[in-house]
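So this block is target.txt, compact mmCIF, N, CA and C atoms:
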# COMPACT_ATOMS: atom_id res chain seq x y z
N MET X 20 93.73 136.86 68.16
CA MET X 20 95.14 136.88 67.82
C MET X 20 95.87 135.87 68.70
N GLY X 21 96.78 135.12 68.14
CA GLY X 21 97.54 134.14 68.90
C GLY X 21 98.60 134.79 69.77
N ALA X 22 99.03 134.06 70.79
CA ALA X 22 100.02 134.58 71.73
C ALA X 22 101.33 134.94 71.05
N VAL X 23 101.76 134.13 70.09
CA VAL X 23 103.04 134.39 69.42
C VAL X 23 102.95 135.67 68.58
N SER X 24 101.87 135.83 67.81
CA SER X 24 101.70 137.05 67.01
C SER X 24 101.61 138.27 67.90
N GLU X 25 100.88 138.15 68.98
CA GLU X 25 100.74 139.27 69.91
C GLU X 25 102.09 139.63 70.54
N PHE X 26 102.91 138.61 70.84
CA PHE X 26 104.25 138.86 71.39
C PHE X 26 105.07 139.74 70.44
N TRP X 27 105.09 139.37 69.14
CA TRP X 27 105.88 140.13 68.17
C TRP X 27 105.34 141.55 68.02
N ASP X 28 104.03 141.71 68.03
CA ASP X 28 103.42 143.04 67.96
C ASP X 28 103.81 143.88 69.16
N LYS X 29 103.79 143.29 70.36
CA LYS X 29 104.16 144.02 71.57
C LYS X 29 105.64 144.41 71.53
N LEU X 30 106.50 143.49 71.10
CA LEU X 30 107.93 143.77 71.03
C LEU X 30 108.20 144.92 70.06
N LYS X 31 107.57 144.87 68.90
CA LYS X 31 107.78 145.91 67.90
C LYS X 31 107.19 147.25 68.34
N GLY X 32 105.98 147.22 68.90
CA GLY X 32 105.30 148.45 69.26
C GLY X 32 105.81 149.09 70.54
N GLU X 33 106.05 148.27 71.56
CA GLU X 33 106.43 148.83 72.87
C GLU X 33 107.93 148.75 73.13
N LYS X 34 108.65 148.01 72.28
CA LYS X 34 110.11 147.88 72.38
C LYS X 34 110.56 147.35 73.74
N LYS X 35 109.75 146.44 74.28
CA LYS X 35 110.04 145.80 75.56
C LYS X 35 109.76 144.31 75.42
N LEU X 36 110.37 143.54 76.30
CA LEU X 36 110.19 142.10 76.29
C LEU X 36 109.01 141.73 77.18
N PHE X 37 108.12 140.88 76.68
CA PHE X 37 106.94 140.45 77.42
C PHE X 37 106.89 138.93 77.50
N ALA X 38 106.19 138.45 78.52
CA ALA X 38 105.93 137.02 78.69
C ALA X 38 104.50 136.89 79.18
N LEU X 39 104.05 135.66 79.27
CA LEU X 39 102.73 135.39 79.85
C LEU X 39 102.94 134.88 81.27
N LYS X 40 102.11 135.35 82.19
CA LYS X 40 102.16 134.86 83.56
C LYS X 40 100.87 134.10 83.84
N CYS X 41 101.04 132.87 84.29
CA CYS X 41 99.90 132.00 84.57
C CYS X 41 99.36 132.27 85.98
N ARG X 42 98.13 131.90 86.18
CA ARG X 42 97.50 132.03 87.49
C ARG X 42 98.30 131.27 88.55
N CYS X 43 99.00 130.19 88.16
CA CYS X 43 99.80 129.40 89.11
C CYS X 43 101.10 130.11 89.50
N GLY X 44 101.42 131.22 88.81
CA GLY X 44 102.63 131.99 89.12
C GLY X 44 103.76 131.78 88.14
N ALA X 45 103.67 130.78 87.26
CA ALA X 45 104.73 130.52 86.29
C ALA X 45 104.79 131.63 85.25
N VAL X 46 106.01 132.05 84.91
CA VAL X 46 106.22 133.03 83.85
C VAL X 46 106.59 132.22 82.61
N VAL X 47 105.79 132.36 81.55
CA VAL X 47 105.93 131.52 80.36
C VAL X 47 106.57 132.32 79.23
N PHE X 48 107.77 131.90 78.84
CA PHE X 48 108.47 132.52 77.73
C PHE X 48 109.25 131.44 77.02
N PRO X 49 109.14 131.34 75.69
CA PRO X 49 108.32 132.17 74.82
C PRO X 49 106.84 131.91 75.07
N PRO X 50 105.99 132.88 74.68
CA PRO X 50 104.56 132.73 74.93
C PRO X 50 103.99 131.53 74.18
N GLN X 51 103.04 130.88 74.83
CA GLN X 51 102.33 129.75 74.24
C GLN X 51 100.94 129.70 74.84
N PRO X 52 100.03 128.98 74.22
CA PRO X 52 98.62 129.02 74.65
C PRO X 52 98.35 128.51 76.06
N SER X 53 99.13 127.54 76.55
CA SER X 53 98.86 126.99 77.88
C SER X 53 100.15 126.96 78.69
N CYS X 54 99.99 126.92 79.99
CA CYS X 54 101.12 126.92 80.92
C CYS X 54 101.79 125.54 80.94
N PRO X 55 103.10 125.48 80.75
CA PRO X 55 103.79 124.19 80.79
C PRO X 55 103.92 123.63 82.21
N THR X 56 103.66 124.46 83.23
CA THR X 56 103.76 124.00 84.61
C THR X 56 102.47 123.32 85.08
N CYS X 57 101.31 123.97 84.81
CA CYS X 57 100.05 123.43 85.33
C CYS X 57 99.02 123.13 84.23
N ASN X 58 99.37 123.39 82.98
CA ASN X 58 98.47 123.23 81.83
C ASN X 58 97.29 124.21 81.85
N GLY X 59 97.39 125.25 82.67
CA GLY X 59 96.33 126.25 82.76
C GLY X 59 96.28 127.15 81.53
N TRP X 60 95.11 127.74 81.32
CA TRP X 60 94.89 128.63 80.18
C TRP X 60 94.71 130.08 80.61
N GLU X 61 94.61 130.32 81.91
CA GLU X 61 94.37 131.67 82.41
C GLU X 61 95.70 132.39 82.60
N MET X 62 96.09 133.16 81.58
CA MET X 62 97.37 133.85 81.62
C MET X 62 97.18 135.30 81.21
N GLU X 63 98.08 136.15 81.71
CA GLU X 63 98.05 137.56 81.35
C GLU X 63 99.46 138.00 80.96
N TRP X 64 99.53 139.05 80.14
CA TRP X 64 100.81 139.58 79.70
C TRP X 64 101.49 140.31 80.86
N VAL X 65 102.80 140.10 81.00
CA VAL X 65 103.60 140.84 81.97
C VAL X 65 104.85 141.34 81.27
N GLU X 66 105.26 142.54 81.64
CA GLU X 66 106.49 143.11 81.08
C GLU X 66 107.68 142.52 81.83
N LEU X 67 108.70 142.13 81.09
CA LEU X 67 109.92 141.62 81.69
C LEU X 67 110.94 142.75 81.76
N SER X 68 111.86 142.66 82.69
CA SER X 68 112.88 143.70 82.87
C SER X 68 113.84 143.75 81.70
N GLY X 69 114.02 142.62 81.01
CA GLY X 69 115.01 142.56 79.94
C GLY X 69 116.41 142.30 80.46
N ARG X 70 116.54 142.14 81.79
CA ARG X 70 117.85 141.88 82.38
C ARG X 70 117.96 140.40 82.77
N GLY X 71 119.19 139.92 82.70
CA GLY X 71 119.44 138.55 83.09
C GLY X 71 120.93 138.29 83.13
N GLU X 72 121.28 137.01 83.08
CA GLU X 72 122.70 136.66 83.06
C GLU X 72 122.91 135.47 82.15
N ILE X 73 124.12 135.39 81.61
CA ILE X 73 124.45 134.29 80.71
C ILE X 73 124.52 132.99 81.52
N TYR X 74 123.72 132.04 81.08
CA TYR X 74 123.66 130.72 81.70
C TYR X 74 124.57 129.74 80.95
N ALA X 75 124.60 129.86 79.62
CA ALA X 75 125.44 129.03 78.75
C ALA X 75 125.65 129.81 77.46
N TYR X 76 126.71 129.52 76.73
CA TYR X 76 126.97 130.23 75.48
C TYR X 76 127.85 129.41 74.55
N THR X 77 127.85 129.83 73.30
CA THR X 77 128.80 129.34 72.31
C THR X 77 129.18 130.51 71.42
N VAL X 78 130.39 130.51 70.94
CA VAL X 78 130.85 131.55 70.02
C VAL X 78 131.02 130.88 68.66
N SER X 79 130.37 131.45 67.66
CA SER X 79 130.40 130.87 66.32
C SER X 79 131.27 131.71 65.39
N ASN X 80 132.10 131.03 64.63
CA ASN X 80 132.92 131.69 63.60
C ASN X 80 132.39 131.40 62.21
N ILE X 81 131.26 130.70 62.14
CA ILE X 81 130.61 130.39 60.87
C ILE X 81 129.19 130.91 60.98
N ALA X 82 128.72 131.55 59.93
CA ALA X 82 127.39 132.15 60.00
C ALA X 82 126.67 132.05 58.67
N PRO X 83 125.34 132.14 58.70
CA PRO X 83 124.59 132.19 57.45
C PRO X 83 124.90 133.50 56.73
N PRO X 84 124.60 133.58 55.43
CA PRO X 84 124.92 134.80 54.67
C PRO X 84 124.37 136.08 55.28
N SER X 85 123.23 136.02 55.96
CA SER X 85 122.64 137.23 56.54
C SER X 85 123.47 137.78 57.70
N PHE X 86 124.42 137.01 58.22
CA PHE X 86 125.27 137.47 59.31
C PHE X 86 126.66 137.88 58.83
N THR X 87 126.89 137.96 57.55
CA THR X 87 128.19 138.30 57.01
C THR X 87 128.69 139.60 57.62
N GLY X 88 129.93 139.62 58.04
CA GLY X 88 130.51 140.82 58.64
C GLY X 88 130.29 140.91 60.13
N LYS X 89 129.55 139.96 60.70
CA LYS X 89 129.26 139.99 62.13
C LYS X 89 129.93 138.81 62.84
N LEU X 90 131.06 138.38 62.35
CA LEU X 90 131.74 137.24 62.93
C LEU X 90 132.90 137.69 63.81
N PRO X 91 133.22 136.94 64.83
CA PRO X 91 132.41 135.87 65.40
C PRO X 91 131.21 136.47 66.13
N PHE X 92 130.21 135.62 66.44
CA PHE X 92 129.09 136.10 67.22
C PHE X 92 128.78 135.09 68.32
N CYS X 93 128.20 135.60 69.40
CA CYS X 93 127.94 134.81 70.59
C CYS X 93 126.44 134.53 70.71
N VAL X 94 126.09 133.25 70.78
CA VAL X 94 124.71 132.85 71.04
C VAL X 94 124.68 132.30 72.46
N SER X 95 123.75 132.80 73.25
CA SER X 95 123.70 132.43 74.66
C SER X 95 122.31 132.01 75.11
N ILE X 96 122.29 131.25 76.18
CA ILE X 96 121.06 131.02 76.93
C ILE X 96 121.11 132.04 78.07
N ILE X 97 120.12 132.90 78.12
CA ILE X 97 120.05 133.95 79.14
C ILE X 97 118.98 133.55 80.16
N LYS X 98 119.35 133.54 81.44
CA LYS X 98 118.36 133.33 82.50
C LYS X 98 117.89 134.72 82.91
N LEU X 99 116.64 135.03 82.57
CA LEU X 99 116.08 136.33 82.88
C LEU X 99 115.82 136.47 84.38
N GLU X 100 115.83 137.70 84.88
CA GLU X 100 115.58 137.96 86.31
C GLU X 100 114.27 137.34 86.78
N GLU X 101 113.28 137.31 85.89
CA GLU X 101 111.96 136.79 86.25
C GLU X 101 111.88 135.27 86.20
N GLY X 102 112.96 134.61 85.77
CA GLY X 102 113.00 133.15 85.80
C GLY X 102 113.13 132.44 84.47
N PRO X 103 112.38 132.85 83.42
CA PRO X 103 112.50 132.11 82.16
C PRO X 103 113.89 132.21 81.54
N MET X 104 114.19 131.24 80.69
CA MET X 104 115.43 131.27 79.94
C MET X 104 115.10 131.52 78.47
N VAL X 105 115.98 132.27 77.82
CA VAL X 105 115.77 132.62 76.42
C VAL X 105 117.11 132.50 75.69
N MET X 106 117.06 132.02 74.44
CA MET X 106 118.26 131.95 73.63
C MET X 106 118.32 133.20 72.76
N SER X 107 119.50 133.82 72.72
CA SER X 107 119.64 135.05 71.96
C SER X 107 121.12 135.34 71.69
N ILE X 108 121.33 136.29 70.81
CA ILE X 108 122.68 136.79 70.53
C ILE X 108 123.06 137.74 71.66
N VAL X 109 124.32 137.67 72.10
CA VAL X 109 124.86 138.63 73.06
C VAL X 109 126.00 139.36 72.36
N GLU X 110 125.94 140.67 72.37
CA GLU X 110 126.95 141.50 71.70
C GLU X 110 128.20 141.63 72.56
N THR X 111 129.04 140.61 72.52
CA THR X 111 130.29 140.63 73.27
C THR X 111 131.31 139.72 72.61
N ASP X 112 132.57 140.08 72.74
CA ASP X 112 133.66 139.23 72.26
C ASP X 112 134.17 138.32 73.37
N ARG X 113 133.78 138.63 74.61
CA ARG X 113 134.28 137.89 75.77
C ARG X 113 133.13 137.46 76.69
N PRO X 114 132.32 136.51 76.24
CA PRO X 114 131.22 136.05 77.09
C PRO X 114 131.74 135.28 78.30
N GLU X 115 130.99 135.35 79.39
CA GLU X 115 131.32 134.59 80.60
C GLU X 115 130.03 134.10 81.23
N ILE X 116 130.06 132.90 81.78
CA ILE X 116 128.92 132.40 82.53
C ILE X 116 128.69 133.36 83.70
N GLY X 117 127.44 133.76 83.91
CA GLY X 117 127.11 134.68 84.99
C GLY X 117 127.19 136.15 84.61
N MET X 118 127.67 136.45 83.39
CA MET X 118 127.76 137.85 82.94
C MET X 118 126.37 138.47 82.92
N LYS X 119 126.23 139.64 83.53
CA LYS X 119 124.95 140.35 83.55
C LYS X 119 124.73 141.02 82.18
N VAL X 120 123.50 140.88 81.66
CA VAL X 120 123.18 141.41 80.34
C VAL X 120 121.83 142.12 80.36
N GLN X 121 121.62 142.98 79.37
CA GLN X 121 120.39 143.75 79.20
C GLN X 121 119.92 143.60 77.76
N MET X 122 118.60 143.43 77.56
CA MET X 122 118.06 143.31 76.22
C MET X 122 118.17 144.65 75.47
N VAL X 123 118.50 144.54 74.19
CA VAL X 123 118.45 145.68 73.27
C VAL X 123 117.66 145.21 72.05
N LEU X 124 117.11 146.15 71.33
CA LEU X 124 116.26 145.82 70.19
C LEU X 124 116.91 146.31 68.90
N GLU X 125 116.99 145.43 67.91
CA GLU X 125 117.48 145.79 66.58
C GLU X 125 116.26 145.78 65.67
N GLU X 126 115.82 146.99 65.29
CA GLU X 126 114.58 147.08 64.53
C GLU X 126 114.76 146.76 63.05
N LYS X 127 115.87 147.11 62.46
CA LYS X 127 116.13 146.83 61.05
C LYS X 127 117.11 145.67 60.95
N ARG X 128 116.59 144.53 60.56
CA ARG X 128 117.42 143.33 60.53
C ARG X 128 118.19 143.15 59.24
N ASN X 129 117.65 143.64 58.12
CA ASN X 129 118.32 143.51 56.82
C ASN X 129 118.73 142.07 56.53
N LEU X 130 117.84 141.15 56.80
CA LEU X 130 118.15 139.75 56.55
C LEU X 130 117.61 139.30 55.20
N ASP X 131 118.34 138.45 54.56
CA ASP X 131 117.92 137.89 53.28
C ASP X 131 117.10 136.64 53.55
N ILE X 132 115.84 136.86 53.97
CA ILE X 132 114.93 135.77 54.32
C ILE X 132 113.72 135.86 53.41
N PRO X 133 113.31 134.76 52.78
CA PRO X 133 112.17 134.84 51.85
C PRO X 133 110.84 135.19 52.52
N ASP X 134 110.66 134.87 53.79
CA ASP X 134 109.40 135.13 54.50
C ASP X 134 109.37 136.58 54.96
N GLU X 135 108.52 137.37 54.34
CA GLU X 135 108.44 138.80 54.66
C GLU X 135 108.06 139.06 56.12
N ASN X 136 107.22 138.20 56.70
CA ASN X 136 106.83 138.37 58.10
C ASN X 136 108.05 138.33 59.03
N TRP X 137 108.99 137.43 58.76
CA TRP X 137 110.19 137.35 59.60
C TRP X 137 111.11 138.52 59.36
N ARG X 138 111.19 139.02 58.13
CA ARG X 138 112.06 140.17 57.84
C ARG X 138 111.59 141.40 58.58
N GLU X 139 110.30 141.52 58.79
CA GLU X 139 109.73 142.71 59.43
C GLU X 139 109.81 142.67 60.96
N ARG X 140 110.09 141.53 61.53
CA ARG X 140 110.12 141.42 62.99
C ARG X 140 111.43 141.97 63.54
N PRO X 141 111.34 142.71 64.65
CA PRO X 141 112.59 143.18 65.28
C PRO X 141 113.32 142.00 65.92
N LEU X 142 114.58 142.19 66.15
CA LEU X 142 115.41 141.15 66.78
C LEU X 142 115.76 141.61 68.18
N TYR X 143 115.41 140.81 69.17
CA TYR X 143 115.87 141.14 70.52
C TYR X 143 117.19 140.40 70.72
N LYS X 144 118.14 141.11 71.28
CA LYS X 144 119.42 140.53 71.62
C LYS X 144 119.87 141.18 72.92
N PHE X 145 121.04 140.84 73.39
CA PHE X 145 121.48 141.33 74.68
C PHE X 145 122.87 141.93 74.56
N LYS X 146 123.17 142.84 75.48
CA LYS X 146 124.52 143.41 75.59
C LYS X 146 124.92 143.35 77.06
N PRO X 147 126.22 143.27 77.31
CA PRO X 147 126.68 143.20 78.70
C PRO X 147 126.33 144.48 79.47
N ILE X 148 126.03 144.33 80.76
CA ILE X 148 125.84 145.46 81.66
C ILE X 148 127.20 145.70 82.32
N PRO X 149 127.76 146.90 82.18
CA PRO X 149 129.06 147.17 82.81
C PRO X 149 129.00 146.92 84.33
N ALA X 150 130.08 146.42 84.88
CA ALA X 150 130.14 146.15 86.33
C ALA X 150 129.80 147.42 87.10
N GLY X 151 128.98 147.28 88.12
CA GLY X 151 128.58 148.42 88.95
C GLY X 151 127.40 149.20 88.39
N ASP X 152 126.95 148.86 87.18
CA ASP X 152 125.81 149.54 86.56
C ASP X 152 124.58 148.70 86.79
N SER X 153 123.49 149.32 87.22
CA SER X 153 122.26 148.56 87.46
C SER X 153 121.34 148.56 86.26
N ALA X 154 121.75 149.24 85.17
CA ALA X 154 120.99 149.36 83.93
C ALA X 154 119.60 149.80 84.24

What do you get writing this file as structure tokens?
Amino acid sequence: MGAVSEFWDKLKGEKKLFALKCRCGAVVFPPQPSCPTCNGWEMEWVELSGRGEIYAYTVSNIAPPSFTGKLPFCVSIIKLEEGPMVMSIVETDRPEIGMKVQMVLEEKRNLDIPDENWRERPLYKFKPIPAGDSA
């Protein structure tokens, strides 16, 4: 099984975010066959906390038909606590650089996508962590 397929299976089954950790110490996300830091192939799955902070964002008032009724929406680059950066939706009307966020899972996407494999995959997104909450 490829790393990408295994990632989606782990996300759906365990409802947690995973990455690959290389022998050199690099945390690789999204998963891929070799380490982008050292080109190594010896990697193992590690569970990520799902916590991070907004590194960059944009708020969109235009969306594809599958997002109808969800406008505006915020797409952000999240710097995860473990180091990797991931692009995802953040459920907030007031994004801020440095805002602490936590991953949440949307299992039923109800998207009008012709590829059944993509329709069946859960969507990971993030929500703000209230100030003073360690989530």

Quick one: residues within 7 Å of Arg70 of chain X, only N, CA and C atoms counted, chain neighbours fewer than 5 positions away excluded, as an MDAnalysis selection string?
chainID X and resid 98:101 119:122

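What separates atom CA of Phe48 of chain X from atom CA of Tyr74 of chain X is a distance of 15.8 Å.
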
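With distances restricted to all atoms listed in the file, X:Ala38 is the closest residue to Leu67 of chain X from X:Ala38, X:Val109, X:Leu90, X:Leu142.
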
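Between atom C of Gly59 of chain X and atom N of Leu36 of chain X lies a distance of 22.2 Å.
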
For the atom pair atom C of Glu61 of chain X and atom C of Gly21 of chain X, what is the interatomic distance in Å to one decimal place?
13.4 Å

Residues near Val123 of chain X, anyone? I mean within 9 Å using only C-alpha atoms, not counting same-chain ones fewer than 4 positions away, as a PyMOL selection string.
chain X and resi 34-35+69+142-146

Using only C-alpha atoms, can you tell me which of X:Pro84, X:Gly71, X:Pro147, X:Gly102 comes closest to Pro49 of chain X?
X:Gly102

Spatial neighbours of Val47 of chain X, max dist 7 Å, only C-alpha atoms, sep filter under 4 positions, as JSON, numbers by chain:
{"X": [38, 39, 40, 54, 103]}

Close residues, Val94 of chain X itself excluded, 9 Å, only C-alpha atoms, min 2 positions apart in chain, as a list in words
Ala75, Tyr76, Thr77, Val78, Ser79, Phe92, Ile96, Met106, Ser107, Ile108, Val109 and Glu110 of chain X
